[in-house]
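> Take this structure first; my questions come after.
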Amino acid sequence: MNKELEKTASALIERYSVELREFRGQTNLIVSAEDIIEVCQTLRDEFGFNFLEVETAVDYWPRQEPRFHVIYQLYSIEKHIRIGLRVPVSGVSPGLPTLVGLFANANWREREIWDMFGIRFEGHPNLRRILMPHDWQGHPLRKDYPLGYEEVQFTFNAEEIDRDKPYAEE
Amino acid sequence: MLDQSEFAFNELRHLVSERAIQGETMLLNMGPQHPSTHGVLRLLLEMDGEIVVNCFPDIGFLHTGIEKNMEAKSYEKAVVMTDRLDYLNNLGNNLVYCMAIEKLAELDVPVRAQAIRVILTELQRIGSHLVWLGTHTLDLAAISVFWYTFRERELILDINEMVSGQRMMTTYFRPGGLWRDVPIEFENAVREFIKIFPRRIEEYGDMLSENPIFIDRTKDVGILKAEDAIHWGVTGPILRATGVEHDLRKVDPYMGYEQYEFDVPTQTDGDTYARYLVRMEEMRQSLRIVQQALDKLPYGPVRSNNRKYVPPPRSELGISMEAVIHHFKLWTEGFDMPEGSVYAAAESPRGVLGVYLESDGGPKPYRVHWRTPSFDNLQVLPVLAKGHLMADLVALMGTTDFVLGDIDR
């Protein structure tokens, strides 16, 4: 691990309840939903991670609980190092505080996560669907959302087919 | 229940200023079918006369669900989907996806394959910048440049066709190397291009760099400051035109970029003209890299020999039972990847193109996320456009150089 990263990680472990994971030369921290804003703020202001490179989510249904992980990759333009953050988010009315105040480009990225995974970002100025039509039902990148190959529903069997679909319980 | 259109307006209501509700400013719809939006981008504009007060990009018209589709394909088959993202940088998309797989599987890439990857992606960068230059100046009503740039781009597409059989949707880079070695004519074709292209760049420059109309339309239009660019996650030539020298090829070299000598062009003005200068210089630097890579192109295999991930060559199938088994297994169910997640990034013509790849140990990617540069670069368009004329907005869309396939995925 890079010296700078080591320093950053140990400082964060001291201050917050974060868990360090290393894989293939990448440093990832598991952060809880309450701490995420503070952790990002500390990383940006104190350690120079001034660039939000990635914000996305992964759905682990039905294998894991909490169901979602929201993933951040912060980058330091000056030091050229990257740190990953993962925030587990429960599947019951999933929500996280927004990062728009810290990084402006989180705006569309969080709209995309809301659109694709249905995770709400509290305090977001404009949380609308971004890629799907505004009247779309469901969140396509969830694992209980089928890719296709579905039986065609007619009026006489619509309910029956709907009952057998593998929806996640919430 | 609300009418559909009314519902859409109510959603947007809090975005526009009070003056729009009063009827003082006008809401104007631009696109999705508009020639200067370079695809299917819709812009909702709030206009005060001819001045843009506010601008709301509306994207998603080209959404094809590539991220979801990739989850249903095996790793190698999913390479085909990557071509369709940024359709001016197909090989670059192939490259970054393969880099993610190689990082997760700890797969080696032979040096010859690395050098060919560098040559082709740099040519692609030139091709992409040529499309940008042609369409950008076309938007500014300089039609002749468009014909010249597309003439040169044709040579690059011919090289693509020569190596992969396809002009655009190449799928030429595969996990662990290349689909096959380049044909014998490849070297001559690239050398021919290197020979004629420097003169052609000078021609474009002669037409534009000191052209008073072009300077009028581009100088001091859409100024972006360095700290704003970083705050908005902007990358690529737009960031470098603000004075930040950030290029992943230099600061985090991949595919052996550290062996090549090249400069990272920067400008400090951050306006449309500065972005023009940066991209023009980038084409010259790319040509330098191609020249060096071609001069010391090593001989050897073009694909890894790791049979866990890479199918055996055709010639082995007749003599080796093991090869037949590998061939059958790899082409039917694909390879299993180690469990875990990686993030790989490369410098595309538009900026930092990254792939977040997660595997659950099976033969299909569990999650693929594309961090596409156009997505962030377009977000900054409203910031650039505020207070400019409607006609300048067209220039700004050209200089942002977004590709809708890259944004909507």
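Scheme for the structure tokens: letters A, B, ... for chains in order shown; per-chain residue numbers from 1; ligand numbers from 1 in order shown.
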Could you produce a table of the residues of chain B lying within 6 Å of chain A, with the nearest pair of atoms per residue and their separation in Å rounded to one decimal, using only C-alpha atoms, ordered by chain and increasing residue number, as a tab-separated table?

```
residue	atom	partner	partner_atom	distance
B:Gly60	CA	A:Leu131	CA	4.0
B:His231	CA	A:Phe103	CA	5.6
B:Trp232	CA	A:Asn105	CA	4.8
B:Gly233	CA	A:Asn105	CA	5.7
```
> Quick one: everything within 7 Å of Leu96 in chain A, counting only C-alpha atoms, minus sequence neighbours fewer than 2 positions away in the same chain. Send it as a ChimeraX atom specification.
/A:33,98,120-122
> Next, the residues of the selection above should be written as a compact mmCIF listing (two decimals), in the first residue's frame with N, CA and C atoms.

```txt
# COMPACT_ATOMS: atom_id res chain seq x y z
N ALA A 33 -23.47 4.22 6.97
CA ALA A 33 -24.24 5.28 6.31
C ALA A 33 -24.20 6.59 7.09
N THR A 98 -27.02 12.78 0.82
CA THR A 98 -26.44 13.12 -0.48
C THR A 98 -25.05 13.70 -0.36
N ARG A 120 -32.76 6.22 -2.24
CA ARG A 120 -33.05 7.66 -2.13
C ARG A 120 -31.87 8.40 -1.52
N PHE A 121 -31.62 9.60 -1.98
CA PHE A 121 -30.55 10.42 -1.40
C PHE A 121 -31.18 11.63 -0.75
N GLU A 122 -31.14 11.64 0.59
CA GLU A 122 -31.80 12.73 1.31
C GLU A 122 -31.02 14.02 1.12
```
> Set the distance at 9 Å and use only C-alpha atoms: which residues neighbour Phe262 in chain B once local chain neighbours fewer than 3 positions away are removed? I'd like the list as JSON, numbers by chain.
{"B": [250, 285, 286, 288, 289]}
> Within 9 Å of Phe146 in chain B, counting only C-alpha atoms, which residues show up once you throw out same-chain ones fewer than 4 positions away? Write them as a ChimeraX atom specification, please.
/B:130-131,133-138,142,150-151
> Apply DSSP to the structure's backbone, then extract all residues of range 73-193 of chain B labelled helix (DSSP H, G or I) and return them as JSON, numbers by chain.
{"B": [79, 80, 81, 82, 83, 90, 91, 92, 93, 94, 95, 96, 97, 98, 99, 100, 101, 102, 103, 104, 105, 111, 112, 113, 114, 115, 116, 117, 118, 119, 120, 121, 122, 123, 124, 125, 126, 127, 128, 129, 130, 131, 132, 133, 134, 135, 136, 137, 138, 139, 143, 144, 145, 146, 147, 148, 149, 150, 151, 152, 153, 154, 155, 156, 157, 158, 159, 160, 161, 162, 163, 164, 186, 187, 188, 189, 190, 191, 192, 193]}
> Save out the residues we just selected, C-alpha atoms, as a PDB file, in the first residue's frame.

```
ATOM      1  CA  VAL B  79     -16.712  -7.377 -24.793  1.00  0.00           C
ATOM      2  CA  VAL B  80     -19.080  -6.934 -27.729  1.00  0.00           C
ATOM      3  CA  MET B  81     -21.321  -4.685 -25.652  1.00  0.00           C
ATOM      4  CA  THR B  82     -18.450  -2.355 -24.799  1.00  0.00           C
ATOM      5  CA  ASP B  83     -18.039  -1.226 -28.416  1.00  0.00           C
ATOM      6  CA  ASN B  90     -14.568   1.527 -29.439  1.00  0.00           C
ATOM      7  CA  LEU B  91     -11.065   0.194 -28.936  1.00  0.00           C
ATOM      8  CA  GLY B  92     -10.615   2.347 -25.852  1.00  0.00           C
ATOM      9  CA  ASN B  93     -13.755   0.805 -24.358  1.00  0.00           C
ATOM     10  CA  ASN B  94     -12.512  -2.684 -25.190  1.00  0.00           C
ATOM     11  CA  LEU B  95      -9.207  -1.786 -23.585  1.00  0.00           C
ATOM     12  CA  VAL B  96     -10.515  -0.583 -20.253  1.00  0.00           C
ATOM     13  CA  TYR B  97     -12.907  -3.518 -19.889  1.00  0.00           C
ATOM     14  CA  CYS B  98     -10.107  -5.977 -20.677  1.00  0.00           C
ATOM     15  CA  MET B  99      -7.853  -4.132 -18.227  1.00  0.00           C
ATOM     16  CA  ALA B 100     -10.436  -4.641 -15.486  1.00  0.00           C
ATOM     17  CA  ILE B 101     -10.674  -8.360 -16.235  1.00  0.00           C
ATOM     18  CA  GLU B 102      -6.893  -8.683 -16.390  1.00  0.00           C
ATOM     19  CA  LYS B 103      -6.543  -6.903 -13.074  1.00  0.00           C
ATOM     20  CA  LEU B 104      -9.124  -9.090 -11.355  1.00  0.00           C
ATOM     21  CA  ALA B 105      -7.841 -12.348 -12.847  1.00  0.00           C
ATOM     22  CA  VAL B 111       4.348  -7.031 -24.727  1.00  0.00           C
ATOM     23  CA  ARG B 112       3.455  -7.181 -28.418  1.00  0.00           C
ATOM     24  CA  ALA B 113      -0.237  -7.086 -27.584  1.00  0.00           C
ATOM     25  CA  GLN B 114       0.371  -4.111 -25.289  1.00  0.00           C
ATOM     26  CA  ALA B 115       2.208  -2.199 -28.013  1.00  0.00           C
ATOM     27  CA  ILE B 116      -0.498  -2.903 -30.598  1.00  0.00           C
ATOM     28  CA  ARG B 117      -3.142  -1.825 -28.100  1.00  0.00           C
ATOM     29  CA  VAL B 118      -1.291   1.450 -27.613  1.00  0.00           C
ATOM     30  CA  ILE B 119      -0.957   2.055 -31.365  1.00  0.00           C
ATOM     31  CA  LEU B 120      -4.609   1.374 -32.053  1.00  0.00           C
ATOM     32  CA  THR B 121      -6.036   3.344 -29.138  1.00  0.00           C
ATOM     33  CA  GLU B 122      -3.857   6.321 -30.008  1.00  0.00           C
ATOM     34  CA  LEU B 123      -5.042   6.158 -33.617  1.00  0.00           C
ATOM     35  CA  GLN B 124      -8.559   5.986 -32.271  1.00  0.00           C
ATOM     36  CA  ARG B 125      -7.893   9.057 -30.171  1.00  0.00           C
ATOM     37  CA  ILE B 126      -6.860  10.910 -33.316  1.00  0.00           C
ATOM     38  CA  GLY B 127      -9.971   9.622 -35.086  1.00  0.00           C
ATOM     39  CA  SER B 128     -12.210  10.760 -32.268  1.00  0.00           C
ATOM     40  CA  HIS B 129     -10.607  14.201 -32.162  1.00  0.00           C
ATOM     41  CA  LEU B 130     -11.064  14.445 -35.929  1.00  0.00           C
ATOM     42  CA  VAL B 131     -14.791  13.863 -35.531  1.00  0.00           C
ATOM     43  CA  TRP B 132     -14.835  16.471 -32.787  1.00  0.00           C
ATOM     44  CA  LEU B 133     -12.947  18.988 -34.932  1.00  0.00           C
ATOM     45  CA  GLY B 134     -15.145  18.388 -37.964  1.00  0.00           C
ATOM     46  CA  THR B 135     -18.482  18.599 -36.176  1.00  0.00           C
ATOM     47  CA  HIS B 136     -17.440  21.409 -33.855  1.00  0.00           C
ATOM     48  CA  THR B 137     -16.434  23.627 -36.743  1.00  0.00           C
ATOM     49  CA  LEU B 138     -19.463  22.492 -38.721  1.00  0.00           C
ATOM     50  CA  ASP B 139     -21.628  23.828 -35.886  1.00  0.00           C
ATOM     51  CA  ILE B 143     -18.108  23.415 -43.424  1.00  0.00           C
ATOM     52  CA  SER B 144     -14.870  22.680 -45.287  1.00  0.00           C
ATOM     53  CA  VAL B 145     -12.963  21.423 -42.221  1.00  0.00           C
ATOM     54  CA  PHE B 146     -15.536  18.685 -41.791  1.00  0.00           C
ATOM     55  CA  TRP B 147     -14.769  17.200 -45.208  1.00  0.00           C
ATOM     56  CA  TYR B 148     -11.026  17.245 -44.596  1.00  0.00           C
ATOM     57  CA  THR B 149     -11.195  15.644 -41.154  1.00  0.00           C
ATOM     58  CA  PHE B 150     -13.497  12.886 -42.318  1.00  0.00           C
ATOM     59  CA  ARG B 151     -11.139  12.162 -45.193  1.00  0.00           C
ATOM     60  CA  GLU B 152      -8.326  11.475 -42.707  1.00  0.00           C
ATOM     61  CA  ARG B 153     -10.579   9.599 -40.330  1.00  0.00           C
ATOM     62  CA  GLU B 154     -11.329   7.209 -43.155  1.00  0.00           C
ATOM     63  CA  LEU B 155      -7.682   6.100 -43.121  1.00  0.00           C
ATOM     64  CA  ILE B 156      -7.980   5.227 -39.436  1.00  0.00           C
ATOM     65  CA  LEU B 157     -11.199   3.322 -39.996  1.00  0.00           C
ATOM     66  CA  ASP B 158      -9.450   1.429 -42.789  1.00  0.00           C
ATOM     67  CA  ILE B 159      -6.760   0.385 -40.327  1.00  0.00           C
ATOM     68  CA  ASN B 160      -9.488  -0.758 -37.923  1.00  0.00           C
ATOM     69  CA  GLU B 161     -11.044  -2.798 -40.685  1.00  0.00           C
ATOM     70  CA  MET B 162      -7.686  -4.269 -41.603  1.00  0.00           C
ATOM     71  CA  VAL B 163      -6.996  -5.584 -38.112  1.00  0.00           C
ATOM     72  CA  SER B 164     -10.465  -6.590 -36.970  1.00  0.00           C
ATOM     73  CA  PHE B 186      -0.671  -3.080 -40.930  1.00  0.00           C
ATOM     74  CA  GLU B 187       2.754  -1.545 -40.443  1.00  0.00           C
ATOM     75  CA  ASN B 188       2.790   0.082 -43.866  1.00  0.00           C
ATOM     76  CA  ALA B 189      -0.699   1.464 -43.470  1.00  0.00           C
ATOM     77  CA  VAL B 190       0.180   3.068 -40.132  1.00  0.00           C
ATOM     78  CA  ARG B 191       3.490   4.422 -41.485  1.00  0.00           C
ATOM     79  CA  GLU B 192       1.627   5.916 -44.426  1.00  0.00           C
ATOM     80  CA  PHE B 193      -0.751   7.623 -42.009  1.00  0.00           C
TER      81      PHE B 193
END
```
